[in-house]
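Below is upload-v9.cif, which holds mmCIF, C-alpha atoms and all ligand atoms.
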```cif
data_start
loop_
_atom_site.label_atom_id
_atom_site.label_comp_id
_atom_site.auth_asym_id
_atom_site.auth_seq_id
_atom_site.Cartn_x
_atom_site.Cartn_y
_atom_site.Cartn_z
CA MET A 1 26.72 -46.80 29.78
CA GLY A 2 24.18 -45.45 32.30
CA ARG A 3 20.81 -46.99 32.92
CA ARG A 4 18.07 -46.35 30.37
CA VAL A 5 14.34 -46.68 30.93
CA ARG A 6 11.94 -47.05 28.01
CA VAL A 7 8.17 -46.60 28.05
CA ARG A 8 5.67 -47.19 25.26
CA VAL A 9 2.50 -45.07 25.22
CA PRO A 10 -0.55 -45.28 22.92
CA ALA A 11 -2.54 -42.69 21.00
CA LYS A 12 -6.25 -42.23 21.69
CA VAL A 13 -9.50 -41.66 19.88
CA ASN A 14 -12.61 -40.20 21.53
CA LEU A 15 -15.55 -42.51 20.77
CA GLN A 16 -17.77 -39.80 22.20
CA LEU A 17 -16.80 -36.20 22.96
CA ALA A 18 -19.67 -34.17 24.40
CA VAL A 19 -18.65 -30.56 25.05
CA GLY A 20 -20.52 -28.38 27.53
CA PRO A 21 -20.45 -24.60 27.91
CA LEU A 22 -17.18 -22.67 28.35
CA ARG A 23 -16.28 -22.55 32.07
CA GLU A 24 -14.84 -19.56 33.92
CA ASP A 25 -11.41 -21.20 34.06
CA GLY A 26 -11.19 -21.26 30.24
CA TYR A 27 -11.91 -24.98 29.91
CA HIS A 28 -15.08 -26.71 28.76
CA GLY A 29 -16.78 -29.35 30.86
CA VAL A 30 -16.69 -32.53 28.79
CA VAL A 31 -18.03 -36.05 28.92
CA THR A 32 -15.86 -38.25 26.79
CA VAL A 33 -15.29 -41.93 26.16
CA TYR A 34 -11.64 -42.48 25.34
CA GLN A 35 -10.22 -45.55 23.66
CA ALA A 36 -6.46 -46.15 23.47
CA VAL A 37 -5.33 -47.28 20.01
CA GLY A 38 -2.26 -49.16 18.85
CA LEU A 39 -0.23 -46.26 17.44
CA TYR A 40 2.62 -45.51 19.80
CA ASP A 41 5.26 -43.08 20.96
CA GLU A 42 8.28 -44.41 22.81
CA VAL A 43 9.89 -42.39 25.59
CA THR A 44 13.44 -43.24 26.71
CA VAL A 45 15.15 -41.53 29.64
CA GLU A 46 18.75 -41.66 30.89
CA ALA A 47 20.95 -39.53 33.14
CA ALA A 48 22.45 -36.40 31.53
CA ASP A 49 24.14 -33.14 32.60
CA GLY A 50 20.94 -31.12 32.24
CA LEU A 51 17.44 -31.51 30.77
CA GLU A 52 17.72 -32.52 27.10
CA VAL A 53 15.03 -33.50 24.61
CA VAL A 54 15.74 -35.47 21.42
CA VAL A 55 12.88 -36.01 18.95
CA THR A 56 13.03 -38.90 16.46
CA GLY A 57 10.62 -41.12 14.54
CA ASP A 58 8.04 -40.76 11.77
CA GLU A 59 6.06 -37.83 13.24
CA THR A 60 8.38 -35.02 14.33
CA VAL A 61 7.25 -31.82 12.57
CA GLY A 62 6.36 -29.11 15.09
CA VAL A 63 7.53 -31.01 18.17
CA PRO A 64 9.71 -28.72 20.33
CA ALA A 65 13.08 -30.17 21.42
CA ASP A 66 13.35 -27.96 24.49
CA ALA A 67 11.85 -27.30 27.93
CA THR A 68 8.43 -26.48 26.41
CA ASN A 69 8.01 -30.11 25.32
CA LEU A 70 5.30 -31.68 27.45
CA ALA A 71 7.62 -34.60 28.28
CA ALA A 72 10.24 -32.16 29.60
CA LYS A 73 7.57 -30.45 31.72
CA ALA A 74 6.61 -33.84 33.13
CA ALA A 75 10.23 -34.63 34.03
CA ALA A 76 10.67 -31.21 35.67
CA LEU A 77 7.53 -31.77 37.75
CA LEU A 78 8.71 -35.16 39.00
CA ALA A 79 12.21 -33.84 39.72
CA ARG A 80 10.68 -31.14 41.93
CA GLU A 81 8.65 -33.74 43.79
CA GLY A 82 11.78 -35.87 44.23
CA GLY A 83 13.82 -32.85 45.41
CA ARG A 84 16.41 -33.33 42.67
CA ALA A 85 17.63 -31.64 39.49
CA PRO A 86 15.94 -32.69 36.24
CA ASP A 87 19.21 -34.00 34.80
CA VAL A 88 17.81 -36.30 32.17
CA ARG A 89 17.98 -36.87 28.42
CA ILE A 90 14.50 -37.66 27.07
CA THR A 91 14.40 -39.30 23.66
CA LEU A 92 10.98 -39.39 22.00
CA ARG A 93 10.38 -41.79 19.15
CA LYS A 94 7.18 -40.40 17.71
CA GLY A 95 4.69 -42.55 15.84
CA ILE A 96 1.61 -40.56 16.89
CA PRO A 97 0.61 -37.76 14.48
CA VAL A 98 1.51 -34.31 15.89
CA ALA A 99 -1.34 -31.88 16.62
CA GLY A 100 -3.63 -34.53 15.17
CA GLY A 101 -6.23 -34.94 17.93
CA MET A 102 -4.64 -38.22 19.05
CA ALA A 103 -2.96 -36.97 22.26
CA GLY A 104 0.65 -37.40 21.16
CA GLY A 105 2.02 -34.73 23.48
CA SER A 106 -0.06 -36.16 26.33
CA ALA A 107 1.35 -39.62 25.57
CA ASP A 108 4.90 -38.28 25.86
CA ALA A 109 4.10 -36.53 29.14
CA ALA A 110 2.58 -39.74 30.55
CA GLY A 111 5.57 -41.73 29.29
CA ALA A 112 8.03 -39.30 30.88
CA LEU A 113 6.18 -39.53 34.23
CA VAL A 114 6.38 -43.32 34.26
CA ALA A 115 9.97 -43.40 32.96
CA CYS A 116 11.38 -40.78 35.37
CA ASN A 117 9.55 -42.38 38.31
CA ALA A 118 11.42 -45.60 37.47
CA LEU A 119 14.80 -44.01 36.57
CA TRP A 120 14.92 -41.95 39.77
CA GLU A 121 13.34 -44.72 41.89
CA LEU A 122 10.80 -42.27 43.32
CA GLY A 123 8.25 -44.99 44.07
CA LEU A 124 5.21 -42.80 43.28
CA ASP A 125 1.98 -44.80 43.06
CA ALA A 126 -0.60 -44.63 40.26
CA ASP A 127 -2.75 -42.03 42.10
CA ARG A 128 0.20 -39.68 42.57
CA LEU A 129 1.24 -40.06 38.92
CA ALA A 130 -2.37 -39.41 37.87
CA ALA A 131 -2.43 -36.16 39.91
CA HIS A 132 0.76 -34.97 38.15
CA ALA A 133 -0.72 -36.07 34.82
CA ALA A 134 -3.86 -33.97 35.36
CA ALA A 135 -1.71 -30.92 36.10
CA LEU A 136 0.08 -31.38 32.76
CA GLY A 137 -3.03 -31.65 30.57
CA SER A 138 -6.61 -32.90 30.42
CA ASP A 139 -5.74 -35.96 28.31
CA VAL A 140 -2.58 -37.02 30.17
CA PRO A 141 -4.28 -39.18 32.87
CA PHE A 142 -5.89 -41.28 30.14
CA SER A 143 -2.53 -41.76 28.38
CA LEU A 144 -1.32 -43.34 31.64
CA THR A 145 -4.21 -45.77 32.01
CA GLY A 146 -5.20 -46.62 28.42
CA GLY A 147 -7.93 -49.15 27.68
CA THR A 148 -11.41 -47.67 27.38
CA ALA A 149 -12.48 -45.05 29.93
CA LEU A 150 -15.03 -42.37 30.65
CA GLY A 151 -13.53 -38.93 31.25
CA VAL A 152 -15.41 -36.08 32.94
CA GLY A 153 -14.48 -32.64 34.27
CA ARG A 154 -11.91 -31.36 31.75
CA GLY A 155 -11.54 -35.00 30.67
CA GLU A 156 -9.01 -35.75 33.43
CA ARG A 157 -11.34 -37.55 35.88
CA LEU A 158 -11.51 -41.17 34.73
CA THR A 159 -13.55 -44.26 35.38
CA ALA A 160 -13.10 -47.54 33.53
CA VAL A 161 -15.71 -48.52 30.94
CA LEU A 162 -16.68 -52.16 30.47
CA SER A 163 -15.75 -53.19 26.96
CA GLN A 164 -15.48 -56.54 25.20
CA GLY A 165 -13.57 -57.63 22.14
CA SER A 166 -11.20 -55.70 19.96
CA PHE A 167 -11.70 -53.00 17.36
CA THR A 168 -9.92 -52.28 14.09
CA TRP A 169 -9.44 -48.60 13.29
CA VAL A 170 -8.21 -46.85 10.17
CA PHE A 171 -6.80 -43.34 10.59
CA ALA A 172 -6.51 -40.73 7.84
CA LEU A 173 -3.64 -38.36 8.62
CA ALA A 174 -4.05 -34.81 7.36
CA GLU A 175 -1.51 -32.30 6.09
CA GLY A 176 -0.84 -29.87 8.94
CA GLY A 177 -2.38 -29.90 12.41
CA LEU A 178 -5.11 -28.12 14.33
CA SER A 179 -4.56 -26.34 17.63
CA THR A 180 -6.81 -27.68 20.38
CA PRO A 181 -7.70 -24.24 21.87
CA SER A 182 -8.61 -22.92 18.38
CA VAL A 183 -10.95 -25.85 17.76
CA TYR A 184 -12.71 -25.35 21.12
CA ALA A 185 -12.99 -21.60 20.32
CA GLU A 186 -14.45 -22.38 16.89
CA CYS A 187 -16.96 -24.74 18.55
CA ASP A 188 -18.05 -21.86 20.84
CA ARG A 189 -18.31 -19.53 17.84
CA LEU A 190 -20.47 -21.99 15.87
CA ARG A 191 -22.78 -22.51 18.86
CA ALA A 192 -22.99 -18.82 19.90
CA GLY A 193 -26.55 -17.76 20.66
CA ALA A 194 -27.89 -21.32 21.06
CA PRO A 195 -28.31 -22.94 24.48
CA VAL A 196 -25.55 -25.50 25.21
CA PRO A 197 -26.79 -28.42 27.31
CA GLU A 198 -24.65 -30.04 30.01
CA PRO A 199 -22.81 -32.96 28.38
CA ALA A 200 -24.02 -36.51 29.06
CA VAL A 201 -22.66 -39.93 28.22
CA SER A 202 -24.30 -41.93 25.44
CA ASP A 203 -26.09 -45.00 26.83
CA ALA A 204 -26.14 -46.50 23.32
CA LEU A 205 -22.33 -46.32 23.20
CA LEU A 206 -21.86 -47.82 26.66
CA SER A 207 -24.16 -50.75 25.93
CA ALA A 208 -22.52 -51.40 22.53
CA LEU A 209 -19.10 -51.47 24.24
CA ARG A 210 -20.42 -53.81 26.96
CA ALA A 211 -21.79 -56.13 24.30
CA GLY A 212 -18.67 -55.90 22.11
CA SER A 213 -20.86 -54.77 19.20
CA VAL A 214 -18.62 -53.18 16.56
CA SER A 215 -21.59 -51.97 14.51
CA GLY A 216 -23.26 -50.58 17.65
CA VAL A 217 -20.11 -48.65 18.56
CA GLY A 218 -19.82 -47.43 14.97
CA ALA A 219 -23.37 -46.11 15.00
CA ALA A 220 -22.88 -44.32 18.33
CA LEU A 221 -19.62 -42.47 17.49
CA ASP A 222 -20.11 -38.76 18.16
CA ASN A 223 -17.85 -35.73 18.48
CA ASP A 224 -19.11 -32.23 19.33
CA LEU A 225 -15.79 -30.77 18.06
CA GLN A 226 -16.23 -32.29 14.61
CA ALA A 227 -18.14 -29.38 13.04
CA ALA A 228 -15.51 -26.96 14.38
CA ALA A 229 -12.61 -29.06 13.04
CA VAL A 230 -14.29 -29.31 9.60
CA SER A 231 -15.01 -25.59 9.64
CA LEU A 232 -11.28 -24.85 10.19
CA HIS A 233 -10.13 -27.63 7.84
CA PRO A 234 -12.84 -27.96 5.15
CA GLY A 235 -10.96 -30.73 3.33
CA LEU A 236 -12.01 -33.09 6.14
CA HIS A 237 -15.51 -33.22 4.69
CA ALA A 238 -14.28 -35.29 1.71
CA VAL A 239 -12.11 -37.45 3.98
CA LEU A 240 -15.10 -38.33 6.19
CA GLU A 241 -17.25 -39.12 3.17
CA ALA A 242 -14.64 -41.42 1.58
CA GLY A 243 -13.72 -43.23 4.80
CA ARG A 244 -17.30 -43.87 5.84
CA ARG A 245 -18.12 -45.72 2.59
CA SER A 246 -16.78 -49.05 3.89
CA ALA A 247 -16.73 -48.30 7.64
CA VAL A 248 -19.31 -48.98 10.34
CA GLY A 249 -18.71 -45.42 11.48
CA GLY A 250 -16.25 -42.58 11.25
CA LEU A 251 -15.50 -39.23 12.86
CA VAL A 252 -12.88 -36.58 13.45
CA SER A 253 -10.52 -37.77 16.22
CA GLY A 254 -10.80 -35.34 19.16
CA SER A 255 -9.85 -31.84 17.98
CA GLY A 256 -8.63 -33.26 14.63
CA PRO A 257 -7.58 -33.11 11.92
CA THR A 258 -6.95 -36.89 11.98
CA CYS A 259 -10.13 -38.78 10.98
CA ALA A 260 -10.87 -42.21 12.49
CA PHE A 261 -12.90 -44.99 10.86
CA LEU A 262 -14.10 -48.15 12.57
CA ALA A 263 -13.90 -51.28 10.40
CA ALA A 264 -16.16 -54.33 10.71
CA ASP A 265 -13.14 -56.59 10.03
CA ARG A 266 -9.68 -56.66 8.41
CA GLU A 267 -11.10 -56.87 4.85
CA ALA A 268 -13.25 -53.80 5.41
CA ALA A 269 -10.19 -52.04 6.87
CA ALA A 270 -8.27 -52.72 3.63
CA ARG A 271 -11.13 -51.20 1.59
CA ILE A 272 -11.19 -48.12 3.83
CA VAL A 273 -7.41 -47.71 3.41
CA HIS A 274 -7.81 -47.95 -0.37
CA ASP A 275 -10.63 -45.36 -0.44
CA LEU A 276 -8.72 -42.92 1.79
CA GLU A 277 -5.48 -43.12 -0.17
CA ALA A 278 -7.29 -41.59 -3.16
CA VAL A 279 -8.41 -38.48 -1.24
CA GLU A 280 -6.52 -35.22 -1.73
CA GLY A 281 -4.94 -33.91 1.47
CA VAL A 282 -4.59 -37.34 3.10
CA ARG A 283 -0.84 -37.60 3.75
CA GLY A 284 -0.93 -41.10 5.18
CA VAL A 285 -3.22 -43.88 6.38
CA ARG A 286 -2.63 -46.08 9.45
CA THR A 287 -4.45 -49.17 10.69
CA ALA A 288 -4.45 -49.95 14.42
CA SER A 289 -6.14 -52.25 16.92
CA ALA A 290 -7.87 -51.11 20.08
CA PRO A 291 -8.18 -51.02 23.02
CA ALA A 292 -4.45 -50.70 23.73
CA HIS A 293 -2.68 -50.67 27.10
CA GLY A 294 -1.68 -47.37 28.71
CA ALA A 295 1.91 -46.23 29.38
CA ARG A 296 4.07 -49.31 29.98
CA LEU A 297 7.70 -49.91 30.86
CA LEU A 298 9.55 -51.92 28.22
CA ASP A 299 12.39 -54.17 29.21
CA PRO A 300 15.83 -52.67 28.50
CA GLN A 301 16.35 -54.93 25.46
CA GLY A 302 13.09 -53.59 23.99
CA ALA A 303 10.84 -56.66 23.95
C1 LIG B 401 -9.79 -32.22 22.49
C2 LIG B 401 -9.18 -33.28 23.38
C3 LIG B 401 -10.13 -34.49 23.42
O1 LIG B 401 -9.62 -35.55 24.17
O2 LIG B 401 -7.88 -33.72 22.99
P1 LIG B 401 -7.13 -33.65 21.53
O3 LIG B 401 -8.10 -34.23 20.56
O4 LIG B 401 -6.81 -32.23 21.24
O5 LIG B 401 -5.90 -34.51 21.67
C4 LIG B 401 -8.97 -32.73 24.82
O6 LIG B 401 -10.15 -32.19 25.35
C5 LIG B 401 -7.85 -31.71 24.92
O7 LIG B 401 -7.01 -32.15 25.91
P2 LIG B 401 -5.50 -31.58 26.06
O8 LIG B 401 -4.83 -31.52 24.72
O9 LIG B 401 -4.85 -32.35 27.16
O10 LIG B 401 -5.80 -30.10 26.46
P3 LIG B 401 -5.22 -29.17 27.65
O11 LIG B 401 -3.73 -29.06 27.47
O12 LIG B 401 -5.75 -29.59 28.96
O13 LIG B 401 -5.89 -27.78 27.25
C6 LIG B 401 -5.50 -27.04 26.12
C7 LIG B 401 -6.59 -26.02 25.81
O14 LIG B 401 -7.72 -26.69 25.21
C8 LIG B 401 -8.94 -26.13 25.66
N1 LIG B 401 -9.70 -27.13 26.44
C9 LIG B 401 -9.13 -28.33 26.79
C10 LIG B 401 -9.87 -29.28 27.48
C11 LIG B 401 -11.19 -28.95 27.85
N2 LIG B 401 -11.95 -29.82 28.54
N3 LIG B 401 -11.74 -27.77 27.49
C12 LIG B 401 -11.01 -26.86 26.77
O15 LIG B 401 -11.53 -25.79 26.44
C13 LIG B 401 -8.56 -24.93 26.53
O16 LIG B 401 -8.49 -23.82 25.66
C14 LIG B 401 -7.15 -25.30 27.01
O17 LIG B 401 -6.37 -24.17 27.34
N1 LIG B 402 5.93 -34.22 23.16
C1 LIG B 402 5.18 -33.52 22.29
N2 LIG B 402 4.69 -34.12 21.20
C2 LIG B 402 3.90 -33.43 20.33
N3 LIG B 402 3.62 -32.13 20.47
C3 LIG B 402 4.08 -31.49 21.54
C4 LIG B 402 4.87 -32.16 22.49
N4 LIG B 402 5.16 -31.29 23.44
C5 LIG B 402 4.59 -30.13 23.12
N5 LIG B 402 3.93 -30.23 21.95
C6 LIG B 402 3.13 -29.15 21.30
O1 LIG B 402 1.74 -29.51 21.46
C7 LIG B 402 1.01 -29.33 20.25
C8 LIG B 402 -0.14 -30.35 20.21
O2 LIG B 402 0.40 -31.59 19.94
P1 LIG B 402 -0.31 -33.01 20.16
O3 LIG B 402 -0.35 -33.36 21.59
O4 LIG B 402 0.42 -33.95 19.24
O5 LIG B 402 -1.75 -32.79 19.55
P2 LIG B 402 -3.25 -32.96 20.04
O6 LIG B 402 -3.43 -32.01 21.21
O7 LIG B 402 -4.04 -32.54 18.85
O8 LIG B 402 -3.46 -34.37 20.41
C9 LIG B 402 2.07 -29.47 19.15
O9 LIG B 402 1.75 -28.70 18.03
C10 LIG B 402 3.36 -28.98 19.80
O10 LIG B 402 3.53 -27.59 19.58
#
```
Any chance you could give the structure as structure tokens?
Ligand SMILES: C[C@@](CO)(OP(=O)(O)O)[C@H](O)COP(=O)(O)OP(=O)(O)OC[C@H]1O[C@@H](n2ccc(N)nc2=O)[C@H](O)[C@@H]1O
Ligand SMILES: Nc1ncnc2c1ncn2[C@@H]1O[C@H](COP(=O)(O)OP(=O)(O)O)[C@@H](O)[C@H]1O
Amino acid sequence: MGRRVRVRVPAKVNLQLAVGPLREDGYHGVVTVYQAVGLYDEVTVEAADGLEVVVTGDETVGVPADATNLAAKAAALLAREGGRAPDVRITLRKGIPVAGGMAGGSADAAGALVACNALWELGLDADRLAAHAAALGSDVPFSLTGGTALGVGRGERLTAVLSQGSFTWVFALAEGGLSTPSVYAECDRLRAGAPVPEPAVSDALLSALRAGSVSGVGAALDNDLQAAAVSLHPGLHAVLEAGRRSAVGGLVSGSGPTCAFLAADREAAARIVHDLEAVEGVRGVRTASAPAHGARLLDPQGA
């Protein structure tokens, strides 16, 4: 059997997502604080006769098993850089909700970059991988690095954020997904006519992270795309209300429709799970710890 390389990559939540005006290139300038959370996709690569994508796992609906998959695009990009054919089978084991605002496609792209770099022994360093990641999508560089980080520009320019302690999150998965461009467009529509300030990072959030204050982080959670996601998916209103009852804070994750709730401790997390399971339109509830590591090679046996 040929060599296989496996990489595990986390989902993310945006603790803050401040969205500026629409730019001429079709993107919005953002200031965002990402946190990687312990829900994972696994990307496995091995030599094949052409480029193949196999999608498995708990979260597969709507994931293309062809060259349009973001992981396949990542492999094609690295093959070009390495001057070789993208002859690779990519198997995705998906645990990250699809089109859920948790960067699942970005995780797979980051995983494919790391895995193909190892499989083809290209020797690309972290900066080179990050440049390819940024070309694939605004969230992909963060999927490589993980942890807690500030993202500016489109969200692709990262600096580490000082953070102490660990956080327990509860995620409410929604029926169906939301398209990221549609949510940004809805945000523009809702804000039309009003001045949109340049986005700025929340000092309250940064100092709560530095101090490891779970309640401080909970109070500072903020997402400028939330109103747009709720407008397109009105059922989220009830989800937010139910989840926040026992949480220190809660918000729509990125462009949604997943909602994320920060728990003071494990007991509070269990109460949040219980409250969310009773809400119509919640198709599943997941608990995860954060911050999680970014894309990481697993040993071949899978430890
Ligand atoms: C909203 C966020 C929050 O982290 O992610 P999700 O919650 O969807 O995972 C990101 O900004 C999404 O990042 P990502 O999913 O990588 O988006 P990209 O592929 O770069 O862009 C897809 C489309 O989203 C819109 N877009 C994206 C990023 C940005 N700063 N401004 C935008 O307006 C544009 O319409 C763009 O064509
Ligand atoms: N590897 C992938 N995993 C998930 N979705 C993918 C992937 N590659 C391409 N897509 C497409 O990207 C869309 C957004 O998926 P995803 O990255 O999970 O959501 P989000 O941008 O909300 O975090 C999906 O609906 C799907 O059509």
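Nearest to Phe142 (chain A) of all the residues A:Glu24, A:Glu121, A:Asp108, A:Glu175 is A:Asp108, based on all atoms listed in the file.
The shell of residues at most 8 Å from Gly101 (chain A), with all atoms listed in the file counted and near chain neighbours (fewer than 5 positions) removed, consists of Val13, Leu178, Thr180, Ser253, Gly254, Ser255, Gly256, Pro257 and Thr258 of chain A.
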Neighbour list for Ala268 (chain A) as a PyMOL selection string, cut-off 9 Å, all atoms listed in the file, skip fewer than 4 positions in-chain: chain A and resi 246-247+263-264+272-273
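If one restricts the calculation to all atoms listed in the file, the set of residues situated within 7 Å of ligand LIG 402 (chain B) consists of Gly62, Val63, Pro64, Thr68, Asn69, Leu70, Ala71, Pro97, Val98, Ala99, Gly100, Gly101, Met102, Ala103, Gly104, Gly105, Ser106, Asp108, Ala109, Leu178, Ser179, Thr180, Ser255 and Gly256 of chain A.
Take CA of Ile96 (chain A) and CA of Leu17 (chain A): the distance between them is 19.9 Å.
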Best match for closeness to ligand LIG 401 (chain B) among A:Ala278, A:Ala211, A:Leu136, A:Ala118, counting all atoms listed in the file: A:Leu136
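Here CA of Ala47 (chain A) stands at a distance of 22.6 Å from CA of Leu144 (chain A).
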Determine the axis-aligned bounding box of all atoms of ligand LIG 401 (chain B) present in the file, pad each side by 3 Å, and express its centre and edge lengths in Å to one decimal place as lines of an AutoDock Vina configuration file.
```
center_x = -7.8
center_y = -29.7
center_z = 24.8
size_x = 14.2
size_y = 17.7
size_z = 14.4
```
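Proximity to Glu156 (chain A) was assessed for A:Ala67, A:Val196, A:Ala131, A:Leu209 counting all atoms listed in the file; the smallest distance is recorded for A:Ala131.
Between CA of Leu158 (chain A) and CA of Lys12 (chain A) the separation is 14.1 Å.
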Selection: 8 Å around region 237-244 of chain A, only C-alpha atoms, excl. self and same-chain fewer than 5 positions, as JSON, numbers by chain: {"A": [172, 230, 249, 250, 251, 252, 259, 261, 272, 273, 275, 276, 279, 282]}
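Distance annotation: of A:Thr44, A:Gln35, A:Ser213, A:Asn223, the residue with the minimal separation from Ser143 (chain A) is A:Gln35; atom set is only C-alpha atoms.
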Shell around region 295-300 of chain A at 6 Å using only C-alpha atoms, local window under 6 positions removed, as number ranges by chain: A: 6-9, 111, 144
Nearby residues (all atoms listed in the file) at most 12 Å from His132 (chain A), same-chain spacing under 2 positions excluded, as a ChimeraX atom specification: /A:73-81,106,109-110,112-114,117,124-130,134-141,144,156
Selected residue, from A:Gly26, A:Gly147, A:Pro291, A:Gly193, that lies nearest to Pro181 (chain A) when counting all atoms listed in the file: A:Gly26
